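Accompanying notes for the structure given below.
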Protein chains: 2
Amino acid sequence: MKNTFKVAVVQHDCNQEYRHNLDNSITGIREACTQGAEIILLPELNCLPYFCVREEVRNFDLAETVPGPTTESLGKFAKEKSIIIITTLFEKRAKGLYHNTAVVMDKDGSLAGTYRKMHIPDDPGFYEKFYFTPGDQGFVPINTSIGKLGVMVCWDQWFPEAARLMALAGAEMLFYPSAIGWDPNDDEEEKVRQRHAWMTIQKSHAIANNLPVISSNRTGYEVDPSDNSKGTAFWGSSFIAGQQGEVLAEAPIDKSAVIMAEIDTGRTDTVRRTWPYFRDRRIDAYQDISKHHIE
Amino acid sequence: MKNTFKVAVVQHDCNQEYRHNLDNSITGIREACTQGAEIILLPELNCLPYFCVREEVRNFDLAETVPGPTTESLGKFAKEKSIIIITTLFEKRAKGLYHNTAVVMDKDGSLAGTYRKMHIPDDPGFYEKFYFTPGDQGFVPINTSIGKLGVMVCWDQWFPEAARLMALAGAEMLFYPSAIGWDPNDDEEEKVRQRHAWMTIQKSHAIANNLPVISSNRTGYEVDPSDNSKGTAFWGSSFIAGQQGEVLAEAPIDKSAVIMAEIDTGRTDTVRRTWPYFRDRRIDAYQDISKHHIE
């Protein structure tokens, strides 16, 4: 069984046009394939503008089914190139029931599985609770031809519980497609703290679980069409980290990029022998994790 | 109610002599007091050599009761200077029952509370499972005159569950006294990865819980008296991080040092309003955290 995989992240900007964004993704995928990528992670909601910048009923028209147009386009491409593609889309599951859903297309073009974003943010400029019902599948890795992939989505990345559950369920790598950026009103020091915190928390999931972490983000500035806010400056910085949180590849803040690293999933076992957290977890003492607050 | 506190970490080396090590701690405490410290964190087992480098029955003679000699010495000092001191000692709780125990001495010299290390490591050169029974108090913050302190010990720092439980129970700061270092046989790249991982995982607890994190470590090289190993080179690097994981103060790798930062515990509420993880935790989906493995 093969243990080493060339993993790529495609980082790009997005505008209001689905076709433009899909083309951006495909351009990046082609470049990654040229470099030998076998698994390619796209940014969160890679074919759409970040429409959650405001609450607008007609934005539900942007949703699609799974399978649907995006999985069909990318599935064909996955089959043609014999690669795994991880995309995220605005899923219409039923009338009035929508999710922010990651989809994994396997090397044969089949739909390997979905993950519906479990933790849904909501803050000025990121009104996701209006659009997305929180996932009801739990934190379950997706079985693919190359192993179990622990795919989550953006806000999930701030919750160590999510990474841990994916690891306990046998995930061999963790993936976080993201759409995260700065409020242009924030000062420079706050911007630095936020971007560093974003990288640190994800690297910590690599460390705590001895698993590679692959994180993508959008780049570029997206306006708020309502003029209610100054829009969002997505901070790029997509990265790939190894089992000790060491950064293997990192994209710039403000440019589209394809980054790549060779991941050795066999190293997880080696690192866990020296840093045996899984041996020592106090499962007798964690039950209150399932509370909001301990009175 | 006051929200800002001058917090200090005393980093020092240790040798085989209890008195020498206690003096080292007190020298650092005096220096921290001169700079206005109100809360002072010492390294793990600050009055002892790192005796867990081998399994040796006579080392149980190093244990003491709580209260006992160390809490008496430091308690007097805490009262005299009106400061809070956090020490860690080898606790003899009963015949044949020993713990690695953090003790908090309050400003009036009283013993505010104890925390018995919950996660016990065991790997070559760190044979802690031979000496320490895992704590049975759970992850409970210690009430002091200045608020609830989430004190844990070293190996606990690698487990996000522990930090989360302290935060859920109302801890206002997290403390990690440590005794962690390099195996001299490891190559330079591995040493860098390990030290960075140690800082990253602890900063991630600050980020995930929006709490300040104060971490101490020993510095200096300690021999293995049995000559079974090359001993341990403790990597210092004690640090204080704010609620977004930003480093406020950091000690060198290879020197004794007193570092200090002003902590504003009120900022936790402010940061949690912008980064509301506690609002969005999926407590309906975390129950499997209490398993070793999800089949």
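Simple scheme: letters A, B, ... for chains in structure tokens order, numbers from 1 for residues in each chain, numbers from 1 for ligands in the order shown.
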Seminar exercise, completed: LSQ fit chain B -> chain A, all C-alpha atoms paired sequentially, RMSD 0.0 Å
For this session: List every residue of region 212-247 of chain B that DSSP, applied to the backbone of this structure, places in strand (DSSP E), and write the result as a VMD selection string.
Result: chain B and resid 213 to 216 219 to 222 232 to 235 239 to 241 247
Selection to disk with N, CA and C atoms, as a JSON list (two decimals), in the first residue's frame:
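File out.json, as written:
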[["chain", "number", "residue", "atom", "x", "y", "z"],
["B", 213, "VAL", "N", -2.20, 32.07, 27.88],
["B", 213, "VAL", "CA", -1.48, 30.84, 28.22],
["B", 213, "VAL", "C", -0.09, 31.21, 28.75],
["B", 214, "ILE", "N", 0.23, 30.67, 29.92],
["B", 214, "ILE", "CA", 1.52, 30.93, 30.53],
["B", 214, "ILE", "C", 2.24, 29.59, 30.67],
["B", 215, "SER", "N", 3.40, 29.48, 30.04],
["B", 215, "SER", "CA", 4.10, 28.20, 29.99],
["B", 215, "SER", "C", 5.53, 28.37, 30.47],
["B", 216, "SER", "N", 5.94, 27.53, 31.41],
["B", 216, "SER", "CA", 7.33, 27.59, 31.90],
["B", 216, "SER", "C", 8.05, 26.31, 31.50],
["B", 219, "THR", "N", 15.58, 24.95, 31.90],
["B", 219, "THR", "CA", 16.64, 25.10, 30.91],
["B", 219, "THR", "C", 17.83, 24.28, 31.40],
["B", 220, "GLY", "N", 18.84, 24.16, 30.60],
["B", 220, "GLY", "CA", 20.06, 23.47, 31.02],
["B", 220, "GLY", "C", 20.02, 21.98, 30.73],
["B", 221, "TYR", "N", 21.19, 21.39, 30.85],
["B", 221, "TYR", "CA", 21.37, 19.97, 30.55],
["B", 221, "TYR", "C", 21.40, 19.18, 31.86],
["B", 222, "GLU", "N", 20.63, 18.10, 31.91],
["B", 222, "GLU", "CA", 20.69, 17.23, 33.09],
["B", 222, "GLU", "C", 21.14, 15.84, 32.67],
["B", 232, "THR", "N", 19.14, 14.80, 29.16],
["B", 232, "THR", "CA", 18.17, 15.66, 28.48],
["B", 232, "THR", "C", 18.66, 17.10, 28.47],
["B", 233, "ALA", "N", 18.53, 17.73, 27.31],
["B", 233, "ALA", "CA", 18.86, 19.16, 27.18],
["B", 233, "ALA", "C", 17.53, 19.92, 27.18],
["B", 234, "PHE", "N", 17.14, 20.44, 28.33],
["B", 234, "PHE", "CA", 15.86, 21.16, 28.43],
["B", 234, "PHE", "C", 15.93, 22.43, 27.59],
["B", 235, "TRP", "N", 14.85, 22.68, 26.84],
["B", 235, "TRP", "CA", 14.94, 23.72, 25.81],
["B", 235, "TRP", "C", 14.39, 25.09, 26.21],
["B", 239, "PHE", "N", 7.16, 30.91, 27.78],
["B", 239, "PHE", "CA", 6.53, 32.05, 27.11],
["B", 239, "PHE", "C", 5.17, 32.38, 27.71],
["B", 240, "ILE", "N", 4.72, 33.58, 27.39],
["B", 240, "ILE", "CA", 3.39, 34.04, 27.79],
["B", 240, "ILE", "C", 2.67, 34.48, 26.51],
["B", 241, "ALA", "N", 1.48, 33.94, 26.28],
["B", 241, "ALA", "CA", 0.72, 34.28, 25.07],
["B", 241, "ALA", "C", -0.62, 34.91, 25.46],
["B", 247, "VAL", "N", 2.46, 35.99, 21.09],
["B", 247, "VAL", "CA", 3.46, 35.85, 22.14],
["B", 247, "VAL", "C", 3.76, 37.23, 22.74]]
Taking only C-alpha atoms into account, produce a table as a Markdown table in which each residue of chain B with an atom at most 9 Å from an atom of chain A appears once, together with its shortest atom pair and the distance in Å to one decimal, ordered by chain and rising number.
| residue | atom | partner | partner_atom | distance |
| --- | --- | --- | --- | --- |
| B:Met118 | CA | A:Arg282 | CA | 7.4 |
| B:His119 | CA | A:Asp280 | CA | 6.2 |
| B:Ile120 | CA | A:Asp280 | CA | 7.0 |
| B:Pro121 | CA | A:Asp280 | CA | 7.3 |
| B:Asp122 | CA | A:Pro276 | CA | 8.7 |
| B:Asp123 | CA | A:Thr274 | CA | 7.3 |
| B:Asp136 | CA | A:Ala285 | CA | 8.7 |
| B:Gly138 | CA | A:Ala285 | CA | 6.2 |
| B:Phe139 | CA | A:Ala285 | CA | 8.0 |
| B:Trp155 | CA | A:Tyr277 | CA | 8.8 |
| B:Trp158 | CA | A:Ala208 | CA | 6.1 |
| B:Phe159 | CA | A:Ala208 | CA | 6.7 |
| B:Pro160 | CA | A:Pro160 | CA | 6.3 |
| B:Glu161 | CA | A:Tyr286 | CA | 6.8 |
| B:Ala162 | CA | A:Tyr286 | CA | 7.9 |
| B:Arg164 | CA | A:Ile289 | CA | 7.3 |
| B:Leu165 | CA | A:Ile289 | CA | 6.3 |
| B:Ala167 | CA | A:His293 | CA | 8.5 |
| B:Leu168 | CA | A:His293 | CA | 4.8 |
| B:Ala169 | CA | A:Ile294 | CA | 4.7 |
| B:Gly170 | CA | A:Ile294 | CA | 7.5 |
| B:Arg193 | CA | A:Glu246 | CA | 6.4 |
| B:Gln194 | CA | A:Gln244 | CA | 7.3 |
| B:His196 | CA | A:Glu246 | CA | 8.1 |
| B:Ala197 | CA | A:Gln244 | CA | 6.1 |
| B:Trp198 | CA | A:Ile207 | CA | 8.8 |
| B:Thr200 | CA | A:Ser204 | CA | 6.1 |
| B:Ile201 | CA | A:Ser204 | CA | 5.0 |
| B:Gln202 | CA | A:Ser204 | CA | 8.4 |
| B:Lys203 | CA | A:Thr200 | CA | 7.3 |
| B:Ser204 | CA | A:Ile201 | CA | 5.0 |
| B:His205 | CA | A:Ile201 | CA | 8.2 |
| B:Ile207 | CA | A:Ala197 | CA | 6.5 |
| B:Ala208 | CA | A:Trp158 | CA | 6.1 |
| B:Gln244 | CA | A:Ala197 | CA | 6.1 |
| B:Gly245 | CA | A:Ala197 | CA | 6.3 |
| B:Glu246 | CA | A:Arg193 | CA | 6.4 |
| B:Thr274 | CA | A:Asp123 | CA | 7.3 |
| B:Trp275 | CA | A:Asp123 | CA | 8.5 |
| B:Pro276 | CA | A:Pro121 | CA | 8.1 |
| B:Tyr277 | CA | A:Trp158 | CA | 7.3 |
| B:Phe278 | CA | A:His292 | CA | 7.1 |
| B:Arg279 | CA | A:His292 | CA | 8.1 |
| B:Asp280 | CA | A:His119 | CA | 6.2 |
| B:Arg281 | CA | A:His119 | CA | 6.9 |
| B:Arg282 | CA | A:His119 | CA | 6.8 |
| B:Ile283 | CA | A:Ser290 | CA | 4.6 |
| B:Asp284 | CA | A:Ser290 | CA | 6.9 |
| B:Ala285 | CA | A:Gly138 | CA | 6.1 |
| B:Tyr286 | CA | A:Ser290 | CA | 5.8 |
| B:Gln287 | CA | A:Ser290 | CA | 6.2 |
| B:Asp288 | CA | A:Leu165 | CA | 7.0 |
| B:Ile289 | CA | A:Leu165 | CA | 6.3 |
| B:Ser290 | CA | A:Ile283 | CA | 4.6 |
| B:Lys291 | CA | A:Ile283 | CA | 6.0 |
| B:His292 | CA | A:Ile283 | CA | 6.8 |
| B:His293 | CA | A:Leu168 | CA | 4.8 |
| B:Ile294 | CA | A:Ala169 | CA | 4.7 |
| B:Glu295 | CA | A:Ala169 | CA | 6.6 |
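Atom pair CA of Gly181 (chain B) / CA of Phe60 (chain B): separated by 22.6 Å.
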With only C-alpha atoms as the counted atoms, please give the residues lying no more than 10 Å from Asp106 (chain B), apart from itself and same-chain residues fewer than 3 positions off, as a short mmCIF file (atom, residue, chain, number, x, y, z; two decimals) with C-alpha atoms, in the first residue's frame.
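As written to disk, out_3.cif reads:
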data_model
loop_
_atom_site.label_atom_id
_atom_site.label_comp_id
_atom_site.auth_asym_id
_atom_site.auth_seq_id
_atom_site.Cartn_x
_atom_site.Cartn_y
_atom_site.Cartn_z
CA ILE B 39 1.49 35.70 39.73
CA LEU B 74 6.95 29.09 49.13
CA GLY B 75 3.77 29.85 51.09
CA ALA B 78 3.90 34.26 48.81
CA LYS B 79 2.52 35.87 51.98
CA SER B 82 1.66 39.16 48.55
CA ILE B 83 1.96 37.18 45.35
CA ILE B 84 0.58 34.00 43.89
CA ILE B 85 3.14 31.24 43.32
CA ILE B 86 2.57 28.13 41.23
CA VAL B 103 0.21 23.65 43.93
CA GLY B 109 0.28 32.26 51.99
CA SER B 110 -2.59 29.80 52.01
CA LEU B 111 -2.74 26.77 49.77
CA ALA B 112 -5.36 27.76 47.20
CA GLY B 113 -5.52 24.33 45.62
CA ASN B 143 -9.98 29.36 42.88
CA THR B 144 -7.65 32.15 44.03
CA SER B 145 -7.99 35.70 45.26
CA ILE B 146 -7.53 36.95 41.71
#
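You can rank B:Thr87, B:Thr4, B:Ser229, B:Thr27 by their closest distance to Trp182 (chain B) using only C-alpha atoms, and at the top of that list sits B:Ser229.
Here CA of Met260 (chain A) is placed at a distance of 24.4 Å from CA of Lys191 (chain B).
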Exercise. For the atom pair CA of Leu45 (chain A) and CA of Thr88 (chain A), what is the interatomic distance in Å to one decimal place?
Worked result: 4.8 Å
